[in-house]
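What follows is the content of my_file.txt (compact mmCIF, C-alpha atoms).
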# COMPACT_ATOMS: atom_id res chain seq x y z
CA MET L 28 73.38 82.76 190.46
CA VAL L 29 76.98 83.56 189.56
CA PRO L 30 79.41 83.19 192.48
CA PRO L 31 82.29 85.62 193.02
CA ARG L 32 85.03 84.99 190.46
CA SER L 33 87.64 85.67 193.14
CA GLY L 34 86.65 82.49 194.96
CA GLN L 35 86.34 84.51 198.17
CA ALA L 36 83.27 85.18 200.29
CA ALA L 37 80.97 87.62 198.50
CA GLU L 38 81.38 91.27 199.39
CA GLY L 39 77.87 91.93 198.11
CA LEU L 40 75.15 90.90 195.68
CA ILE L 41 74.24 92.44 192.31
CA VAL L 42 70.87 91.64 190.68
CA ILE L 43 70.46 92.65 187.02
CA LEU L 44 67.11 92.61 185.17
CA HIS L 45 67.07 92.21 181.39
CA GLY L 46 65.00 94.24 178.95
CA TRP L 47 61.97 93.51 176.76
CA GLY L 48 62.58 90.59 174.40
CA ALA L 49 65.90 89.62 175.99
CA ASN L 50 66.54 87.03 178.69
CA ALA L 51 68.88 86.25 181.56
CA GLN L 52 71.52 84.83 179.22
CA ASP L 53 71.70 88.12 177.35
CA VAL L 54 72.86 89.99 180.45
CA LEU L 55 74.85 87.14 181.99
CA GLY L 56 77.91 88.30 180.04
CA LEU L 57 77.94 91.46 182.15
CA ALA L 58 79.26 89.40 185.06
CA ASN L 59 82.76 89.49 183.58
CA PHE L 60 82.66 92.96 182.05
CA ILE L 61 81.50 94.73 185.21
CA ASN L 62 84.77 93.46 186.70
CA LEU L 63 83.74 93.17 190.33
CA PRO L 64 85.16 89.73 191.13
CA ASP L 65 84.21 89.82 194.81
CA PHE L 66 80.47 90.12 194.14
CA GLN L 67 77.86 87.42 193.68
CA MET L 68 75.43 88.13 190.83
CA VAL L 69 71.88 87.10 189.98
CA PHE L 70 70.25 87.42 186.54
CA PRO L 71 66.56 86.47 186.78
CA ASN L 72 64.33 85.77 183.81
CA ALA L 73 61.13 87.76 183.37
CA PRO L 74 58.01 85.60 183.74
CA PHE L 75 56.38 86.15 180.35
CA VAL L 76 57.33 84.77 176.94
CA HIS L 77 57.98 87.48 174.38
CA PRO L 78 55.50 87.15 171.48
CA HIS L 79 58.00 87.86 168.70
CA ALA L 80 61.57 87.21 169.89
CA PRO L 81 62.49 83.48 170.04
CA GLY L 82 63.77 82.75 173.53
CA GLY L 83 62.90 86.28 174.61
CA ARG L 84 61.12 87.19 177.82
CA MET L 85 59.31 90.28 179.05
CA TRP L 86 58.20 91.75 182.38
CA TYR L 87 55.05 93.03 180.68
CA ASP L 88 53.81 93.73 177.16
CA PHE L 89 53.52 97.19 175.68
CA THR L 90 50.14 98.56 174.64
CA PRO L 91 49.96 100.09 171.14
CA GLU L 92 49.70 103.59 172.60
CA PHE L 93 52.57 103.18 175.10
CA ASN L 94 54.95 106.16 174.87
CA PHE L 95 57.32 105.76 177.88
CA GLN L 96 55.77 108.85 179.48
CA SER L 97 54.78 107.34 182.83
CA THR L 98 51.09 106.58 182.30
CA PRO L 99 49.08 106.43 185.57
CA GLY L 100 46.70 103.71 184.38
CA PHE L 101 49.55 101.42 183.44
CA TYR L 102 50.47 100.70 187.08
CA ASP L 103 47.68 98.15 187.66
CA ARG L 104 48.07 96.13 184.45
CA PRO L 105 47.80 92.40 185.31
CA ASP L 106 51.12 91.40 183.71
CA LEU L 107 53.01 94.24 185.43
CA THR L 108 51.33 93.37 188.73
CA THR L 109 52.43 89.74 188.36
CA SER L 110 56.02 90.72 187.61
CA ARG L 111 56.06 93.19 190.50
CA GLN L 112 54.90 90.48 192.89
CA LEU L 113 57.38 87.91 191.57
CA LEU L 114 60.31 90.33 191.71
CA THR L 115 59.34 91.38 195.23
CA HIS L 116 59.23 87.72 196.27
CA LEU L 117 62.63 87.08 194.66
CA LEU L 118 64.26 89.99 196.45
CA ASN L 119 62.75 88.95 199.77
CA SER L 120 64.13 85.42 199.31
CA LEU L 121 67.71 86.44 198.47
CA PRO L 122 69.06 87.24 201.95
CA GLU L 123 68.25 83.72 203.15
CA GLN L 124 69.49 82.11 199.92
CA THR L 125 72.76 84.02 199.74
CA GLY L 126 73.46 85.14 203.29
CA ILE L 127 73.81 88.69 201.93
CA SER L 128 71.67 91.43 203.46
CA PHE L 129 69.60 94.00 201.58
CA SER L 130 72.09 96.66 202.69
CA ARG L 131 74.75 94.88 200.60
CA THR L 132 72.52 94.21 197.57
CA VAL L 133 72.36 96.34 194.42
CA LEU L 134 69.44 95.99 191.99
CA GLY L 135 69.75 97.18 188.40
CA GLY L 136 68.16 96.74 185.03
CA PHE L 137 68.30 97.65 181.37
CA SER L 138 65.37 99.33 179.57
CA GLN L 139 62.19 97.56 180.77
CA GLY L 140 64.34 95.99 183.48
CA GLY L 141 65.30 99.50 184.54
CA ALA L 142 61.63 100.44 184.82
CA MET L 143 61.06 97.37 187.01
CA THR L 144 64.09 98.35 189.11
CA LEU L 145 62.49 101.69 189.97
CA ASP L 146 59.01 100.24 190.44
CA VAL L 147 60.11 97.61 192.96
CA GLY L 148 63.55 98.63 194.19
CA LEU L 149 62.57 101.92 195.80
CA ASN L 150 60.53 99.94 198.34
CA PHE L 151 63.54 97.95 199.58
CA PRO L 152 66.38 99.09 201.88
CA LEU L 153 68.98 98.18 199.25
CA ALA L 154 72.51 99.50 198.88
CA GLY L 155 71.61 101.09 195.54
CA LEU L 156 69.70 100.94 192.26
CA MET L 157 71.02 101.17 188.68
CA VAL L 158 68.77 102.19 185.77
CA LEU L 159 70.33 101.73 182.33
CA SER L 160 68.39 103.23 179.40
CA GLY L 161 65.30 103.01 181.60
CA TYR L 162 62.10 104.93 182.26
CA LEU L 163 59.00 105.03 184.46
CA HIS L 164 56.12 102.94 183.14
CA ALA L 165 53.79 104.62 185.64
CA PRO L 166 54.08 107.30 188.34
CA LEU L 167 55.95 106.01 191.37
CA ARG L 168 53.95 104.82 194.38
CA PRO L 169 56.70 104.25 196.92
CA LYS L 170 55.71 102.75 200.25
CA ALA L 171 59.04 103.66 201.83
CA THR L 172 60.03 107.09 203.13
CA SER L 173 63.77 106.72 202.55
CA PHE L 174 65.30 105.41 199.36
CA PRO L 175 68.48 103.78 198.05
CA PRO L 176 70.89 105.89 195.98
CA VAL L 177 70.14 105.60 192.26
CA LEU L 178 72.42 105.63 189.22
CA MET L 179 70.67 106.51 185.94
CA VAL L 180 72.52 106.31 182.61
CA HIS L 181 70.89 107.12 179.26
CA GLY L 182 71.95 107.65 175.66
CA ARG L 183 71.28 110.95 173.94
CA GLN L 184 70.75 109.01 170.69
CA ASP L 185 68.48 106.35 172.22
CA MET L 186 65.92 105.54 169.50
CA VAL L 187 63.97 103.08 171.69
CA VAL L 188 63.42 104.82 175.03
CA PRO L 189 63.34 108.59 174.37
CA LEU L 190 65.72 110.78 176.31
CA ALA L 191 62.68 112.75 177.48
CA ALA L 192 61.49 109.63 179.35
CA ALA L 193 64.77 109.41 181.26
CA ARG L 194 64.58 113.09 182.13
CA GLN L 195 61.01 112.65 183.33
CA ALA L 196 62.17 109.81 185.59
CA ARG L 197 64.99 112.04 186.83
CA GLU L 198 62.52 114.76 187.82
CA SER L 199 60.27 112.24 189.60
CA LEU L 200 63.20 110.86 191.59
CA ASN L 201 64.44 114.33 192.46
CA ALA L 202 60.95 115.21 193.70
CA LEU L 203 61.12 112.26 196.10
CA GLY L 204 64.48 113.42 197.41
CA VAL L 205 66.35 110.39 196.04
CA ASP L 206 70.15 110.56 196.04
CA LEU L 207 70.44 110.44 192.24
CA ARG L 208 73.45 110.21 189.94
CA TYR L 209 72.17 110.97 186.46
CA GLN L 210 74.40 110.67 183.37
CA GLU L 211 73.74 111.16 179.65
CA PHE L 212 76.17 109.90 177.01
CA ASP L 213 76.46 110.06 173.23
CA MET L 214 75.19 106.53 172.58
CA GLY L 215 72.04 104.67 171.63
CA HIS L 216 69.96 102.04 173.44
CA GLU L 217 72.90 99.99 174.65
CA ILE L 218 75.37 99.20 177.40
CA GLN L 219 78.72 100.56 176.30
CA PRO L 220 82.01 100.14 178.22
CA LEU L 221 81.59 103.63 179.64
CA VAL L 222 78.27 102.52 181.16
CA LEU L 223 79.98 99.51 182.75
CA GLU L 224 82.54 101.91 184.19
CA GLN L 225 79.76 104.05 185.68
CA MET L 226 78.19 100.95 187.21
CA ARG L 227 81.48 99.73 188.64
CA ASN L 228 82.35 103.12 190.14
CA PHE L 229 78.88 103.52 191.61
CA ILE L 230 79.00 100.10 193.30
CA LYS L 231 82.52 100.70 194.60
CA GLU L 232 81.40 104.02 196.06
CA LEU L 233 78.39 102.43 197.76
CA PHE L 234 80.47 99.72 199.38
CA SER L 235 83.33 102.00 200.36
CA ARG L 236 80.87 103.82 202.64
CA SER L 237 80.16 100.68 204.65
CA LYS L 238 83.77 99.73 205.34

Step by step, read the file and then write its structure as structure tokens.
Amino acid sequence: MVPPRSGQAAEGLIVILHGWGANAQDVLGLANFINLPDFQMVFPNAPFVHPHAPGGRMWYDFTPEFNFQSTPGFYDRPDLTTSRQLLTHLLNSLPEQTGISFSRTVLGGFSQGGAMTLDVGLNFPLAGLMVLSGYLHAPLRPKATSFPPVLMVHGRQDMVVPLAAARQARESLNALGVDLRYQEFDMGHEIQPLVLEQMRNFIKELFSRSK
């Protein structure tokens, strides 16, 4: 956990999930660049060791035929099920650990972490969700009937997660009636400063509502 840089009591909590082959340290640097000094931040590691990237982790492995097009049979994969359970347990434990309620917690993730954000986060009464270069690994099965606002940001030149996958996720979220802010930018599979600005503005908007 990263405490607020301001030294004051935390205004809220931000949880960021890394992508496939990365780890918590890779996204830890976002704590400074997001520039929200009054927020506590958490950067969990995925449970599985990446088979090819030294020090890398993953929430689940990709099958050879995986195409980011929301495959129904993918939902019940054992490694995805394990990560879903662990992430659910982590989120449930955070209010007691931090003293910060779900209503003041934002969950976000990059790439595979963005897919996990949608999979798990839509079932929690969170302040908001952020999906950066993300996708749906399987059709959504939300247990809730109301959902947090969602920010989705994707690069038009993303050569890893196709833009079509982001647009498919957008349509699925719209069909659920999610309050969605969807943005496309001329960038690749990355988190550019303009993405950080979108994240910062989204979080500020969420928390301005509750004041």

Next item on the list: Go ahead and compute the interatomic distance for CA of Asn119 (chain L) and CA of His45 (chain L), in Å to one decimal.
Entry: 19.2 Å

What's around His79 (chain L) at 12 Å? Count only C-alpha atoms, leave out sequence neighbours fewer than 3 positions away in its own chain, and write the answer as a CSV table (one decimal) with C-alpha atoms, in the frame of the given file.
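So the final result, stored in around-v1.csv, reads:
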chain,number,residue,atom,x,y,z
L,47,TRP,CA,62.0,93.5,176.8
L,48,GLY,CA,62.6,90.6,174.4
L,49,ALA,CA,65.9,89.6,176.0
L,75,PHE,CA,56.4,86.2,180.4
L,76,VAL,CA,57.3,84.8,176.9
L,82,GLY,CA,63.8,82.8,173.5
L,83,GLY,CA,62.9,86.3,174.6
L,84,ARG,CA,61.1,87.2,177.8
L,85,MET,CA,59.3,90.3,179.0
L,88,ASP,CA,53.8,93.7,177.2

Next item on the list: Have a look at L:Pro78, L:Pro189, L:Pro166, L:Gly182 and name the one nearest to Glu211 (chain L); count all atoms listed in the file.
Entry: L:Gly182

Notebook entry, point to check: Which polymer residues have any atom within 6 Å of an atom of region 64-69 of chain L, counting all atoms listed in the file, with same-chain residues fewer than 4 positions away left out, as a PyMOL selection string?
Noted result: chain L and resi 28-33+37-42

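Residue nearest Val180 (chain L), chosen from L:Ala165, L:Leu221, L:Leu200, L:Leu149 and counting all atoms listed in the file: L:Leu221.
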
Next item on the list: List every protein, DNA or RNA residue that has at least one atom no more than 10 Å from (53.8, 97.1, 187.8) in the file's coordinates, counting only C-alpha atoms, and write the result as an MDAnalysis selection string.
Entry: chainID L and resid 86:87 101:112 142:143 146:147 164:165 167

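Between CA of Leu121 (chain L) and CA of Gly204 (chain L) lies a distance of 27.2 Å.
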
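The coordinates place CA of Ala80 (chain L) at 28.3 Å from CA of Val133 (chain L).
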
Next item on the list: For the point (67.5, 111.4, 188.8) in the file's frame, write as number ranges by chain all residues with an atom no more than 10 Å away, counting all atoms listed in the file.
Entry: L: 158, 176-180, 193-210

Checklist line | Among the residues L:His216, L:Leu159, L:Ser128, L:Ala73, the one that comes closest to Arg183 (chain L) [using all atoms listed in the file] | finding: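 Nearest candidate to Arg183 (chain L) out of L:His216, L:Leu159, L:Ser128, L:Ala73: L:His216.
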
Margin query: For a quick check of understanding, using all atoms listed in the file, which of L:Thr144, L:Asn59, L:Ser130, L:Gln96 has the smallest distance to Leu114 (chain L)?
Written below: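 Between L:Thr144, L:Asn59, L:Ser130, L:Gln96, the residue approaching Leu114 (chain L) most closely is L:Thr144.
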
Item checked: L:Ile43, L:Leu163, L:Ala154, L:Ala51 ranked by distance to Pro99 (chain L), top pick (using only C-alpha atoms) ->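 Once distances to Pro99 (chain L) are computed over only C-alpha atoms, the minimum belongs to L:Leu163.
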
Notebook entry, point to check: Using all atoms listed in the file, which residue out of L:Ser173, L:Ser160, L:Asn62, L:Asn72 lies closest to Ile218 (chain L)?
Noted result: L:Ser160
